[in-house]
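So the structure is just underneath, and the comments pick up after that.
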Amino acid sequence: MTTHQTTTEETSHHSSEPIPDDIMHEASELSRGAEILPEGKIGLARKLLAARKEGRKLRVKLGIDPTSMDLHIGHAVVLRKLRRFQEFGHQIVLIIGGFTAQIGDPSGRNKTRPTLTRAQVDENAQTYLNQAGLVIDLEKTELTNNADWLAVLSLNDILKLAGSVTVNQLLAKEAFGDRLDKQLPVSFHELFYPLLQGYDSVQIRADVELGGTDQRFNILQGRELQPYYGQEPQLACLLPLLEGTDGEQKMSKTYNNYIGLKEDPKDMFGKCMRIPDSLIIKYFDLATDLSGSEIDAIKQELDAGKNPNEVKKALAARIVLQYHGKAVADNAIADWEKVHSKGELPEDIPNFKITEPKPLFKVLSESGMAESSAQAKRLVTEGGVKVDGEKITDPNYSVEKDGAVIQIGKRKFVRIER
């Protein structure tokens with residue numbers, strides 16, 4: 001077996017034992033697009049090598065507090081990385097925060113989160129799992145709920161846990177420091193959140209914990225806590241937050257720049273086509289299941305002058321394929337080409353039935369093409385609406401013709417039926 005000879009820098013904290021090439025390749029794939037703490041790819045390679053010597057696979061943890069119902073591809077970034085660990089044969093452990101969700105993670109918050117009931121958490125958790133199953137293999141996943149061990153801790157257990165860290169360390173968490181600086185309240189129970197997340201790692205004996213970059217403090221707290229309970233400290237695998245289709249804000253329903261996991265395939269394809277060219281490779285890295293070498297080849301084509309729009313179409317098709325299958329992805333491409341390249345109408349335009357002439361803005365709002373009458377009027381006056389290919393700028397334009405096609409932008413259509 002060939003080996004990777006480590007450099008002086010790589011061995012500064014370890015023995016000079018060489019790392020086999022296959023392990024270095026695995027570490028490279030698993031660390032791609034992520035920040036591994038400590039020591040990056042080499043740290044992960046050494047963790048893999050140690051597990052191989054023990055005759056086992058890594059235990060890779062992702063904890064989720066099911067505080068919301070709908071997932072988008074930004075949420076799926078950590079799930080995709082979890083899937084990569086699963087593909088390499090490691091045991092992934094998905095922890096439902098049945099207990100911690102009732103506290104609420106203070107990360108990135110300028111106020112205390114509202115508490116959830118156990119029933120709310122359970123309902124959200126099932127919805128989350130239904131969507132997570134689009135990315136990871138749930139049958140090969142170890143599913144746990146931290147309410148099973150956190151809800152039964154005795155006061156002695158809690159005091160031992162609290163004794164593992166100082167208040168100074170906990171207040172160093174950015175969310176707490178910011179609030180204190182602004183003289184905003186920090187509830188005492190919130191200080192326990194990083195400790196409880198860390199205790200999850202102790203309970204499942206995690207080798208690696210995944211999370212977004214906003215989880216750095218919490219995950220490193222688990223790393224600090226494990227030796228206190230006689231365990232080897234876990235590695236942190238931190239994934240960047242994915243920008244939304246606007247290319248600026250992080251993907252969020254709040255900013256209306258998200259691509260939902262259960263989005264209509266054509267909408268999913270169209271939204272992917274809206275991302276700025278500068279994010280194409282990042283989306284391939286974080287939102288698709290392509291290998292590192294495949295993505296590198298795509299980057300080389302882009303750097304060599306390939307039309308970014310063509311590469312973006314391949315990206316959009318790949319994302320639709322992952323969630324809806326190849327046949328649906330092929331149809332999404334065909335529809336996109338028909339509308340955008342050939343200027344034709346798509347085949348499956350939904351119908352909207354009217355019994356008498358209606359103002360255009362009412363047709364838009366009542367058919368669901370616009371969220372409200374106010375938005376509908378704005379879309380029309382700004383020139384974003386066509387009727388049978390003709391731009392209409394009067395919101396009160398009378399819609400009455402049977403078979404008339406109303407269009408917003410290049411993705412939304414409705415056909416009038418009388």
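Chain labels A, B, ... are given in the sequence in which chains occur in the structure tokens; within each chain residues are numbered consecutively from 1, and ligands are likewise numbered from 1 in the order shown.
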Original post:
Within 10 Å of range 30-34 of chain A, counting only C-alpha atoms, which residues qualify if same-chain residues fewer than 4 places away don't, as a ChimeraX atom specification?
Top reply: /A:24-26,40-42,44-45,78,81-85,88,210-213,236-240,282,285-286,291-292
**OP:** Please return as a ChimeraX atom specification: the residues of range 61-304 of chain A that backbone DSSP assigns to strand (DSSP E or B).
**Re:** /A:61-64,72,91-96,142-145,208-212,235-239,243,250,260
Once you have the residues from the selection above, write them out as a PDB file, in the first residue's frame, restricted to N, CA and C atoms.
```pdb
ATOM      1  N   LYS A  61     -21.731  12.576  14.216  1.00  0.00           N
ATOM      2  CA  LYS A  61     -22.946  13.106  14.856  1.00  0.00           C
ATOM      3  C   LYS A  61     -23.459  14.366  14.175  1.00  0.00           C
ATOM      4  N   LEU A  62     -24.774  14.433  14.023  1.00  0.00           N
ATOM      5  CA  LEU A  62     -25.447  15.680  13.691  1.00  0.00           C
ATOM      6  C   LEU A  62     -26.635  15.804  14.626  1.00  0.00           C
ATOM      7  N   GLY A  63     -26.668  16.873  15.377  1.00  0.00           N
ATOM      8  CA  GLY A  63     -27.803  17.131  16.246  1.00  0.00           C
ATOM      9  C   GLY A  63     -28.679  18.200  15.639  1.00  0.00           C
ATOM     10  N   ILE A  64     -29.971  17.981  15.628  1.00  0.00           N
ATOM     11  CA  ILE A  64     -30.888  18.987  15.076  1.00  0.00           C
ATOM     12  C   ILE A  64     -32.014  19.243  16.067  1.00  0.00           C
ATOM     13  N   HIS A  72     -34.772  23.684   3.277  1.00  0.00           N
ATOM     14  CA  HIS A  72     -34.311  24.097   1.956  1.00  0.00           C
ATOM     15  C   HIS A  72     -32.892  23.575   1.740  1.00  0.00           C
ATOM     16  N   GLN A  91     -20.673   5.265  10.605  1.00  0.00           N
ATOM     17  CA  GLN A  91     -21.972   5.256  11.271  1.00  0.00           C
ATOM     18  C   GLN A  91     -22.398   6.687  11.572  1.00  0.00           C
ATOM     19  N   ILE A  92     -23.435   7.133  10.879  1.00  0.00           N
ATOM     20  CA  ILE A  92     -23.915   8.476  11.168  1.00  0.00           C
ATOM     21  C   ILE A  92     -25.010   8.391  12.229  1.00  0.00           C
ATOM     22  N   VAL A  93     -24.993   9.360  13.128  1.00  0.00           N
ATOM     23  CA  VAL A  93     -25.928   9.399  14.248  1.00  0.00           C
ATOM     24  C   VAL A  93     -26.686  10.716  14.182  1.00  0.00           C
ATOM     25  N   LEU A  94     -27.977  10.637  13.964  1.00  0.00           N
ATOM     26  CA  LEU A  94     -28.811  11.830  13.896  1.00  0.00           C
ATOM     27  C   LEU A  94     -29.549  11.963  15.223  1.00  0.00           C
ATOM     28  N   ILE A  95     -29.234  13.032  15.944  1.00  0.00           N
ATOM     29  CA  ILE A  95     -29.844  13.261  17.250  1.00  0.00           C
ATOM     30  C   ILE A  95     -30.964  14.287  17.114  1.00  0.00           C
ATOM     31  N   ILE A  96     -32.171  13.855  17.386  1.00  0.00           N
ATOM     32  CA  ILE A  96     -33.296  14.783  17.437  1.00  0.00           C
ATOM     33  C   ILE A  96     -33.261  15.460  18.803  1.00  0.00           C
ATOM     34  N   GLU A 142     -28.388   5.879  12.662  1.00  0.00           N
ATOM     35  CA  GLU A 142     -28.742   5.667  14.062  1.00  0.00           C
ATOM     36  C   GLU A 142     -29.536   6.901  14.526  1.00  0.00           C
ATOM     37  N   LEU A 143     -30.809   6.718  14.761  1.00  0.00           N
ATOM     38  CA  LEU A 143     -31.683   7.822  15.168  1.00  0.00           C
ATOM     39  C   LEU A 143     -31.862   7.804  16.681  1.00  0.00           C
ATOM     40  N   THR A 144     -31.612   8.935  17.312  1.00  0.00           N
ATOM     41  CA  THR A 144     -31.763   9.021  18.760  1.00  0.00           C
ATOM     42  C   THR A 144     -32.471  10.327  19.107  1.00  0.00           C
ATOM     43  N   ASN A 145     -32.894  10.424  20.355  1.00  0.00           N
ATOM     44  CA  ASN A 145     -33.550  11.628  20.850  1.00  0.00           C
ATOM     45  C   ASN A 145     -32.899  11.997  22.169  1.00  0.00           C
ATOM     46  N   VAL A 208     -16.801  12.590  15.383  1.00  0.00           N
ATOM     47  CA  VAL A 208     -16.885  13.811  14.581  1.00  0.00           C
ATOM     48  C   VAL A 208     -18.277  14.382  14.783  1.00  0.00           C
ATOM     49  N   GLU A 209     -18.368  15.716  14.910  1.00  0.00           N
ATOM     50  CA  GLU A 209     -19.674  16.358  14.945  1.00  0.00           C
ATOM     51  C   GLU A 209     -19.764  17.365  13.815  1.00  0.00           C
ATOM     52  N   LEU A 210     -20.880  17.317  13.078  1.00  0.00           N
ATOM     53  CA  LEU A 210     -21.114  18.237  11.971  1.00  0.00           C
ATOM     54  C   LEU A 210     -22.008  19.386  12.412  1.00  0.00           C
ATOM     55  N   GLY A 211     -21.824  20.522  11.756  1.00  0.00           N
ATOM     56  CA  GLY A 211     -22.690  21.667  12.001  1.00  0.00           C
ATOM     57  C   GLY A 211     -22.280  22.823  11.116  1.00  0.00           C
ATOM     58  N   GLY A 212     -23.117  23.866  11.092  1.00  0.00           N
ATOM     59  CA  GLY A 212     -22.764  25.071  10.363  1.00  0.00           C
ATOM     60  C   GLY A 212     -21.689  25.849  11.109  1.00  0.00           C
ATOM     61  N   LEU A 235     -13.781  15.579  16.605  1.00  0.00           N
ATOM     62  CA  LEU A 235     -13.409  16.636  15.668  1.00  0.00           C
ATOM     63  C   LEU A 235     -14.655  17.451  15.330  1.00  0.00           C
ATOM     64  N   ALA A 236     -14.453  18.711  15.027  1.00  0.00           N
ATOM     65  CA  ALA A 236     -15.543  19.557  14.536  1.00  0.00           C
ATOM     66  C   ALA A 236     -15.444  19.641  13.023  1.00  0.00           C
ATOM     67  N   CYS A 237     -16.550  19.394  12.340  1.00  0.00           N
ATOM     68  CA  CYS A 237     -16.623  19.537  10.883  1.00  0.00           C
ATOM     69  C   CYS A 237     -17.652  20.623  10.603  1.00  0.00           C
ATOM     70  N   LEU A 238     -17.146  21.833  10.300  1.00  0.00           N
ATOM     71  CA  LEU A 238     -18.007  23.009  10.175  1.00  0.00           C
ATOM     72  C   LEU A 238     -18.244  23.340   8.701  1.00  0.00           C
ATOM     73  N   LEU A 239     -19.502  23.476   8.338  1.00  0.00           N
ATOM     74  CA  LEU A 239     -19.882  23.773   6.956  1.00  0.00           C
ATOM     75  C   LEU A 239     -20.322  25.232   6.836  1.00  0.00           C
ATOM     76  N   GLU A 243     -25.327  30.910   0.738  1.00  0.00           N
ATOM     77  CA  GLU A 243     -26.079  32.087   0.328  1.00  0.00           C
ATOM     78  C   GLU A 243     -27.276  31.659  -0.522  1.00  0.00           C
ATOM     79  N   LYS A 250     -27.797  34.838   3.655  1.00  0.00           N
ATOM     80  CA  LYS A 250     -27.851  33.382   3.790  1.00  0.00           C
ATOM     81  C   LYS A 250     -29.231  32.899   3.369  1.00  0.00           C
ATOM     82  N   GLY A 260     -36.570  25.235  -1.750  1.00  0.00           N
ATOM     83  CA  GLY A 260     -37.078  24.198  -0.858  1.00  0.00           C
ATOM     84  C   GLY A 260     -36.779  22.792  -1.348  1.00  0.00           C
TER      85      GLY A 260
END
```
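Among the candidates A:Leu129, A:Val311, A:Ile204, A:Leu195, the one nearest to Leu58 in chain A when counting only C-alpha atoms is A:Ile204.
Look at Asp148 in chain A: the protein and nucleic acid residues within 10 Å of it, using only C-alpha atoms and passing over chain neighbours fewer than 4 places away, are Gly97, Gly98, Phe99, Thr144, Val152 and Leu153 of chain A.
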Just-selected residues, N, CA and C atoms written as a short mmCIF file (atom, residue, chain, number, x, y, z; two decimals), in the first residue's frame:
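Wrote it out as part_4.cif, contents follow:
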```
data_model
loop_
_atom_site.label_atom_id
_atom_site.label_comp_id
_atom_site.auth_asym_id
_atom_site.auth_seq_id
_atom_site.Cartn_x
_atom_site.Cartn_y
_atom_site.Cartn_z
N GLY A 97 -33.24 16.78 18.81
CA GLY A 97 -33.14 17.50 20.07
C GLY A 97 -34.49 17.61 20.76
N GLY A 98 -35.03 16.48 21.18
CA GLY A 98 -36.32 16.49 21.84
C GLY A 98 -36.31 17.27 23.13
N PHE A 99 -35.13 17.34 23.77
CA PHE A 99 -35.00 18.11 25.01
C PHE A 99 -34.45 19.51 24.72
N THR A 144 -31.61 8.94 17.31
CA THR A 144 -31.76 9.02 18.76
C THR A 144 -32.47 10.33 19.11
N VAL A 152 -33.59 12.77 32.11
CA VAL A 152 -33.49 11.94 33.32
C VAL A 152 -32.24 12.26 34.15
N LEU A 153 -31.51 13.31 33.79
CA LEU A 153 -30.32 13.67 34.57
C LEU A 153 -30.72 14.05 35.99
#
```
